[in-house]
>>> print(open('upload.tsv').read())   # TSV, C-alpha atoms
chain	number	residue	atom	x	y	z
A	1	MET	CA	21.06	-26.53	16.87
A	2	ASP	CA	23.09	-26.05	13.69
A	3	ARG	CA	21.99	-25.31	10.14
A	4	LYS	CA	21.81	-28.96	9.15
A	5	ASP	CA	19.37	-29.77	11.95
A	6	PHE	CA	17.18	-26.78	11.19
A	7	ASP	CA	17.25	-27.66	7.50
A	8	LYS	CA	15.85	-31.06	8.44
A	9	LEU	CA	13.11	-29.37	10.45
A	10	ILE	CA	12.19	-27.22	7.44
A	11	GLU	CA	12.10	-30.28	5.23
A	12	LYS	CA	9.81	-32.02	7.70
A	13	HIS	CA	7.37	-29.14	8.28
A	14	GLN	CA	7.45	-26.98	5.14
A	15	ARG	CA	4.48	-28.68	3.48
A	16	GLN	CA	2.20	-28.25	6.51
A	17	VAL	CA	3.22	-24.63	7.06
A	18	ILE	CA	2.76	-23.67	3.39
A	19	ASN	CA	-0.59	-25.44	3.22
A	20	LEU	CA	-1.84	-23.78	6.38
A	21	ALA	CA	-0.88	-20.35	5.00
A	22	TYR	CA	-2.46	-21.30	1.67
A	23	ARG	CA	-5.82	-22.05	3.32
A	24	PHE	CA	-5.74	-18.63	4.93
A	25	LEU	CA	-4.62	-16.67	1.86
A	26	ASN	CA	-5.75	-18.70	-1.15
A	27	ASN	CA	-2.60	-17.59	-2.94
A	28	TYR	CA	0.33	-19.91	-3.58
A	29	PHE	CA	3.08	-17.29	-3.75
A	30	ASP	CA	1.93	-15.34	-0.70
A	31	ALA	CA	1.64	-18.64	1.19
A	32	GLU	CA	5.27	-19.44	0.33
A	33	GLU	CA	6.38	-15.99	1.46
A	34	ILE	CA	4.56	-16.33	4.75
A	35	ALA	CA	6.09	-19.79	5.22
A	36	GLN	CA	9.56	-18.31	4.66
A	37	GLU	CA	8.80	-15.69	7.30
A	38	VAL	CA	7.56	-18.37	9.70
A	39	PHE	CA	10.78	-20.36	9.46
A	40	LEU	CA	12.87	-17.19	9.71
A	41	LYS	CA	11.07	-16.18	12.91
A	42	ALA	CA	11.45	-19.67	14.33
A	43	TYR	CA	15.15	-19.75	13.39
A	44	LYS	CA	15.83	-16.38	15.01
A	45	ALA	CA	13.89	-17.37	18.15
A	46	LEU	CA	15.64	-20.73	18.52
A	47	PRO	CA	17.94	-19.67	21.39
A	48	GLN	CA	14.86	-18.63	23.43
A	49	TYR	CA	12.68	-21.56	22.36
A	50	GLU	CA	11.48	-23.76	25.22
A	51	PRO	CA	9.83	-26.95	24.04
A	52	ARG	CA	6.52	-26.90	25.93
A	53	ALA	CA	4.55	-28.34	23.03
A	54	LYS	CA	5.33	-29.95	19.69
A	55	PHE	CA	7.54	-27.91	17.37
A	56	SER	CA	4.84	-28.16	14.71
A	57	THR	CA	2.30	-26.55	17.07
A	58	TYR	CA	4.75	-23.70	17.62
A	59	LEU	CA	5.09	-23.26	13.84
A	60	TYR	CA	1.31	-23.36	13.36
A	61	LYS	CA	0.93	-20.62	15.96
A	62	ILE	CA	3.40	-18.34	14.15
A	63	THR	CA	1.80	-19.12	10.78
A	64	LYS	CA	-1.70	-18.33	12.01
A	65	ASN	CA	-0.57	-15.00	13.51
A	66	LEU	CA	1.38	-13.94	10.43
A	67	CYS	CA	-1.48	-14.86	8.09
A	68	LEU	CA	-4.11	-13.00	10.10
A	69	ASN	CA	-1.85	-9.92	10.34
A	70	TYR	CA	-1.21	-10.07	6.62
A	71	LEU	CA	-4.94	-10.31	5.84
A	72	ARG	CA	-5.67	-7.35	8.13
A	73	ARG	CA	-3.05	-5.21	6.40
A	74	LYS	CA	-4.27	-6.31	2.99
A	75	LYS	CA	-7.84	-5.34	3.88
A	76	LEU	CA	-6.63	-1.94	5.02
A	77	VAL	CA	-4.74	-1.38	1.78
A	78	GLN	CA	-7.74	-2.50	-0.25
A	79	PHE	CA	-9.95	-0.11	1.71
A	80	PHE	CA	-7.84	2.81	0.54
A	81	SER	CA	-7.47	1.42	-2.94
A	82	LEU	CA	-9.83	2.41	-5.77
A	83	ASP	CA	-9.85	-0.95	-7.56
A	84	LYS	CA	-11.65	-3.57	-5.50
A	85	SER	CA	-12.16	-6.03	-8.32
A	86	ARG	CA	-9.17	-8.22	-7.47
A	87	SER	CA	-9.83	-8.61	-3.81
A	88	GLU	CA	-10.94	-12.09	-2.83
A	89	THR	CA	-10.42	-14.11	-5.96
A	90	ASP	CA	-6.92	-12.86	-6.56
A	91	VAL	CA	-5.56	-16.35	-6.97
A	92	ARG	CA	-2.15	-16.66	-8.51
A	93	ALA	CA	-1.68	-20.26	-7.48
A	94	PRO	CA	-0.50	-22.47	-10.31
A	95	ASP	CA	-3.66	-23.76	-11.88
A	96	PHE	CA	-3.50	-26.98	-13.71
A	97	PRO	CA	-4.37	-26.64	-17.37
A	98	ASP	CA	-4.87	-29.71	-19.53
A	99	LYS	CA	-2.29	-30.82	-22.08
A	100	LYS	CA	-3.39	-28.27	-24.70
A	101	GLY	CA	-2.87	-25.44	-22.25
A	102	ILE	CA	-6.60	-24.72	-22.05
A	103	PRO	CA	-8.19	-25.26	-18.66
A	104	SER	CA	-10.72	-28.09	-18.98
A	105	ARG	CA	-14.31	-27.71	-17.76
A	106	ASN	CA	-13.64	-29.91	-14.74
A	107	ILE	CA	-10.66	-27.80	-13.75
A	108	LEU	CA	-12.68	-24.60	-14.07
A	109	GLU	CA	-15.44	-26.09	-11.94
A	110	GLU	CA	-12.85	-27.26	-9.44
A	111	LYS	CA	-11.35	-23.76	-9.30
A	112	GLU	CA	-14.80	-22.23	-8.82
A	113	LEU	CA	-15.58	-24.65	-6.02
A	114	LYS	CA	-12.20	-23.98	-4.41
A	115	ASP	CA	-12.89	-20.23	-4.50
A	116	LYS	CA	-16.33	-20.77	-2.99
A	117	ILE	CA	-14.86	-22.86	-0.18
A	118	TYR	CA	-12.25	-20.16	0.43
A	119	LYS	CA	-14.88	-17.42	0.50
A	120	ALA	CA	-17.07	-19.44	2.86
A	121	LEU	CA	-14.10	-20.01	5.18
A	122	ASN	CA	-13.15	-16.37	4.91
A	123	LYS	CA	-16.57	-15.32	6.18
A	124	LEU	CA	-15.98	-17.15	9.44
A	125	PRO	CA	-14.49	-15.31	12.42
A	126	ALA	CA	-10.71	-15.81	12.66
A	127	SER	CA	-10.86	-18.30	15.55
A	128	GLN	CA	-13.52	-20.48	13.87
A	129	ARG	CA	-11.64	-20.36	10.57
A	130	THR	CA	-8.36	-21.35	12.22
A	131	ALA	CA	-10.01	-24.19	14.12
A	132	ILE	CA	-11.69	-25.62	11.04
A	133	ILE	CA	-8.55	-25.34	8.87
A	134	LEU	CA	-6.39	-27.03	11.49
A	135	LYS	CA	-8.92	-29.79	12.02
A	136	ARG	CA	-10.01	-30.45	8.46
A	137	TYR	CA	-6.83	-29.88	6.50
A	138	GLU	CA	-4.04	-30.44	9.00
A	139	ASP	CA	-5.82	-33.14	10.98
A	140	LEU	CA	-4.72	-31.76	14.34
A	141	SER	CA	-6.11	-33.10	17.60
A	142	LEU	CA	-8.41	-30.92	19.70
A	143	ASP	CA	-5.59	-30.50	22.23
A	144	GLU	CA	-3.20	-29.23	19.59
A	145	ILE	CA	-5.79	-26.83	18.17
A	146	ALA	CA	-6.47	-25.55	21.68
A	147	ASN	CA	-2.74	-24.97	22.07
A	148	VAL	CA	-2.48	-23.04	18.80
A	149	LEU	CA	-5.52	-20.90	19.61
A	150	GLY	CA	-4.65	-20.50	23.28
A	151	CYS	CA	-8.05	-21.71	24.54
A	152	SER	CA	-9.62	-24.77	26.16
A	153	VAL	CA	-10.57	-27.99	24.37
A	154	ASN	CA	-14.25	-27.29	25.06
A	155	ALA	CA	-13.92	-23.89	23.43
A	156	VAL	CA	-12.39	-25.57	20.36
A	157	LYS	CA	-15.31	-28.01	20.19
A	158	SER	CA	-17.74	-25.11	20.30
A	159	LEU	CA	-15.79	-23.20	17.63
A	160	LEU	CA	-15.78	-26.22	15.33
A	161	HIS	CA	-19.49	-26.82	15.83
A	162	ARG	CA	-20.43	-23.21	15.05
A	163	ALA	CA	-18.06	-23.13	12.06
A	164	LYS	CA	-19.62	-26.28	10.59
A	165	ILE	CA	-23.14	-24.86	10.88
A	166	ARG	CA	-22.13	-21.65	9.14
A	167	LEU	CA	-20.23	-23.50	6.42
A	168	ARG	CA	-23.20	-25.78	5.76
A	169	LYS	CA	-25.34	-22.68	5.19
A	170	GLU	CA	-22.77	-20.96	2.98
A	171	LEU	CA	-22.04	-24.03	0.88
A	172	ALA	CA	-25.61	-25.32	0.66
A	173	PRO	CA	-25.94	-24.86	-3.15
A	174	TYR	CA	-22.74	-26.82	-3.69
A	175	LEU	CA	-23.75	-29.57	-1.31
A	176	GLU	CA	-26.79	-30.22	-3.49
A	177	LYS	CA	-24.67	-30.21	-6.66
A	178	THR	CA	-22.16	-32.72	-5.32
A	179	GLN	CA	-24.83	-35.18	-4.21
B	180	MET	CA	-22.90	-32.33	8.52
B	181	ASP	CA	-20.49	-34.88	7.06
B	182	LYS	CA	-21.26	-33.67	3.55
B	183	THR	CA	-19.82	-30.25	4.40
B	184	TRP	CA	-16.76	-31.98	5.78
B	185	VAL	CA	-16.37	-33.97	2.54
B	186	LEU	CA	-16.93	-30.89	0.38
B	187	LEU	CA	-14.03	-29.08	2.11
B	188	GLU	CA	-11.80	-31.85	0.85
B	189	LYS	CA	-12.37	-30.60	-2.71
B	190	TRP	CA	-9.82	-27.91	-2.04
B	191	PRO	CA	-6.59	-29.79	-2.71
B	192	SER	CA	-3.28	-29.28	-0.93
B	193	ILE	CA	-0.23	-27.76	-2.58
B	194	ASP	CA	3.44	-28.71	-2.64
B	195	PRO	CA	6.27	-26.38	-1.69
B	196	SER	CA	8.45	-25.18	-4.55
B	197	PRO	CA	11.64	-27.25	-4.95
B	198	ASP	CA	13.89	-24.31	-4.05
B	199	PHE	CA	12.00	-23.39	-0.88
B	200	ARG	CA	14.85	-24.34	1.48
B	201	ILE	CA	17.52	-22.81	-0.73
B	202	ARG	CA	15.62	-19.53	-0.75
B	203	PHE	CA	15.26	-19.71	3.02
B	204	TRP	CA	19.01	-20.01	3.62
B	205	GLU	CA	19.67	-17.24	1.10
B	206	ARG	CA	17.31	-15.06	3.12
B	207	VAL	CA	19.04	-15.98	6.36
B	208	ASP	CA	22.37	-14.96	4.83
B	209	GLY	CA	20.81	-11.70	3.68
B	210	ILE	CA	21.24	-12.34	0.00
B	211	GLY	CA	17.73	-13.47	-0.72
B	212	ARG	CA	15.36	-11.19	-2.52
B	213	GLN	CA	12.41	-10.49	-0.29
B	214	ARG	CA	9.00	-9.88	-1.73
B	215	ARG	CA	7.03	-7.03	-0.21
B	216	LEU	CA	4.18	-8.67	1.57
B	217	ILE	CA	2.61	-5.58	3.13
B	218	LEU	CA	2.09	-3.68	-0.08
B	219	PRO	CA	2.27	-5.95	-3.11
B	220	ALA	CA	3.21	-4.15	-6.29
B	221	PRO	CA	-0.26	-4.07	-7.92
B	222	LEU	CA	-1.78	-2.66	-4.72
B	223	SER	CA	0.84	0.06	-4.36
B	224	ARG	CA	0.21	0.98	-8.00
B	225	ARG	CA	-3.48	1.23	-7.21
B	226	LEU	CA	-2.70	3.65	-4.38
B	227	VAL	CA	-1.18	6.15	-6.83
B	228	PRO	CA	-4.53	7.71	-7.90
B	229	VAL	CA	-5.59	8.02	-4.25
B	230	LEU	CA	-2.39	9.82	-3.29
B	231	ALA	CA	-2.61	11.99	-6.41
B	232	SER	CA	-6.20	12.99	-5.47
B	233	ILE	CA	-5.10	13.92	-1.93
B	234	PHE	CA	-2.26	16.04	-3.38
B	235	ILE	CA	-4.66	17.83	-5.76
B	236	ILE	CA	-7.11	18.57	-2.90
B	237	ILE	CA	-4.31	20.04	-0.75
B	238	LEU	CA	-3.09	22.10	-3.73
B	239	GLY	CA	-6.67	23.29	-4.31
B	240	ILE	CA	-6.94	24.44	-0.71
B	241	PHE	CA	-3.77	26.51	-1.09
B	242	ILE	CA	-4.82	28.02	-4.40
B	243	PHE	CA	-8.48	28.90	-3.67
B	244	VAL	CA	-8.69	29.33	0.09
B	245	LYS	CA	-5.45	31.20	0.82
B	246	PRO	CA	-6.17	34.25	-1.44
B	247	ARG	CA	-9.59	34.63	0.25
B	248	VAL	CA	-7.92	34.66	3.64
B	249	GLU	CA	-5.47	37.29	2.38
B	250	GLN	CA	-8.36	39.36	0.99
B	251	ILE	CA	-10.14	39.26	4.35
B	252	ASN	CA	-6.90	40.35	6.07
B	253	LEU	CA	-6.55	43.30	3.66
B	254	VAL	CA	-10.12	44.48	4.35
B	255	ASP	CA	-9.43	44.28	8.08
B	256	GLU	CA	-6.24	46.28	7.63
B	257	ILE	CA	-8.05	49.04	5.68
B	258	ASN	CA	-10.79	49.17	8.30
B	259	ASN	CA	-8.15	49.48	11.00
B	260	ILE	CA	-6.39	52.32	9.20
B	261	GLU	CA	-9.69	54.16	8.73
B	262	PHE	CA	-10.52	53.62	12.40
B	263	TYR	CA	-7.21	55.11	13.56
B	264	GLN	CA	-7.55	58.01	11.15
B	265	ASN	CA	-11.02	58.76	12.54
B	266	MET	CA	-9.70	58.47	16.08
B	267	GLU	CA	-6.97	60.95	15.20
B	268	VAL	CA	-9.57	63.40	13.86
B	269	VAL	CA	-11.66	63.04	17.03
B	270	GLN	CA	-8.61	63.49	19.25
B	271	ASN	CA	-7.55	66.62	17.32
B	272	LEU	CA	-11.05	68.04	17.19
B	273	ASP	CA	-10.15	70.83	19.64
B	274	LEU	CA	-7.21	71.84	17.53
B	275	LEU	CA	-9.44	71.81	14.49
B	276	ASN	CA	-11.96	74.11	16.24
B	277	ASP	CA	-9.12	76.46	17.25
B	278	MET	CA	-7.90	76.54	13.69
B	279	GLU	CA	-11.39	77.35	12.40
B	280	PHE	CA	-11.69	80.14	14.99
B	281	LEU	CA	-8.29	81.61	13.97
B	282	MET	CA	-9.24	81.47	10.30
B	283	GLU	CA	-12.52	83.30	11.05
B	284	GLN	CA	-10.55	85.92	13.01
B	285	ASP	CA	-8.16	86.42	10.11
B	286	GLU	CA	-11.07	86.92	7.75
B	287	TYR	CA	-12.72	89.41	10.13
B	288	ASN	CA	-9.48	91.40	10.57
B	289	GLY	CA	-8.40	91.22	7.03
>>> encode(input="upload.tsv", output="structure tokens")
Amino acid sequence: MDRKDFDKLIEKHQRQVINLAYRFLNNYFDAEEIAQEVFLKAYKALPQYEPRAKFSTYLYKITKNLCLNYLRRKKLVQFFSLDKSRSETDVRAPDFPDKKGIPSRNILEEKELKDKIYKALNKLPASQRTAIILKRYEDLSLDEIANVLGCSVNAVKSLLHRAKIRLRKELAPYLEKTQ
Amino acid sequence: MDKTWVLLEKWPSIDPSPDFRIRFWERVDGIGRQRRLILPAPLSRRLVPVLASIFIIILGIFIFVKPRVEQINLVDEINNIEFYQNMEVVQNLDLLNDMEFLMEQDEYNG
């Protein structure tokens, strides 16, 4: 496979990979960095790559592993750090201010809700979080999720079910608001 | 349950930056600037006070604990010297008795 072909693959999958990393990290720039790493790993591993599943599934697998490793390291660094104030809501993603440059009330509420969803997802165990992100945001089939997580379809169903119950509890106040 | 599913949708997707692929190929060619993901700059800056505290504690140990150890060693050394001196006196006790006897003899004769 030459550069042109791989470039086409990046073009095809970059959005999914960046968005998957973004759901894990809640940070636009870190998500882009992880996505760069994902494609670099895939590019370097191309000679050994054996297409057993979809290429996208392979990319999702790498993304999930890199994101979870990154979060573990970040937690470790934060543990030894004195300032814990910028831990979970350290969002540097481009927010969308209104035309005057002042974030409107709706946008602030949206940002708050987004942070709450992220925190609720972040409270889930890694496997439940991955399953729910892949299902809800990437619209993957149960088979594909099972492939990414390296477990059976039944296990994925169970993970999704437990994740939904926990999310419903965590997001209960917001569910009432949005009714 | 569906409401939770709908609520998750309120977190919108993002688009990749327009130069994403360009940056990727620059990185492949080794000319791309790589951000440090393990220790982002603000975090490494926050580690400075922690490292400084550890350095001060180690320095403190050297300044306050080491002289005490030296003091204890000095006391031991003095005790040892005194012990050997006493041993020497005990060992030479016979000689000392002889000397006292000779001195008494001298006084008696003289």
>>> interface_residues(input="upload.tsv", of="chain B", to="chain A", cutoff="6 Å", atoms="only C-alpha atoms", output="ChimeraX atom specification")
/B:183,190,195,225-226
>>> write_last_selection(input="upload.tsv", atoms="C-alpha atoms", output="PDB file, in the coordinates of the input")
ATOM      1  CA  THR B 183     -19.820 -30.250   4.400  1.00  0.00           C
ATOM      2  CA  TRP B 190      -9.820 -27.910  -2.040  1.00  0.00           C
ATOM      3  CA  PRO B 195       6.270 -26.380  -1.690  1.00  0.00           C
ATOM      4  CA  ARG B 225      -3.480   1.230  -7.210  1.00  0.00           C
ATOM      5  CA  LEU B 226      -2.700   3.650  -4.380  1.00  0.00           C
TER       6      LEU B 226
END
>>> atom_distance(input="upload.tsv", atom1="CA of Leu142 in chain A", atom2="CA of Leu159 in chain A")
10.9 Å
>>> atom_distance(input="upload.tsv", atom1="CA of Cys67 in chain A", atom2="CA of Leu124 in chain A")
14.7 Å
>>> atom_distance(input="upload.tsv", atom1="CA of Leu272 in chain B", atom2="CA of Gln284 in chain B")
18.4 Å
>>> axis_aligned_box(input="upload.tsv", around="range 191-195 of chain B", padding_each_side="5 Å", output="JSON")
{"center_x": -0.2, "center_y": -28.1, "center_z": -1.8, "size_x": 22.9, "size_y": 13.4, "size_z": 11.8}
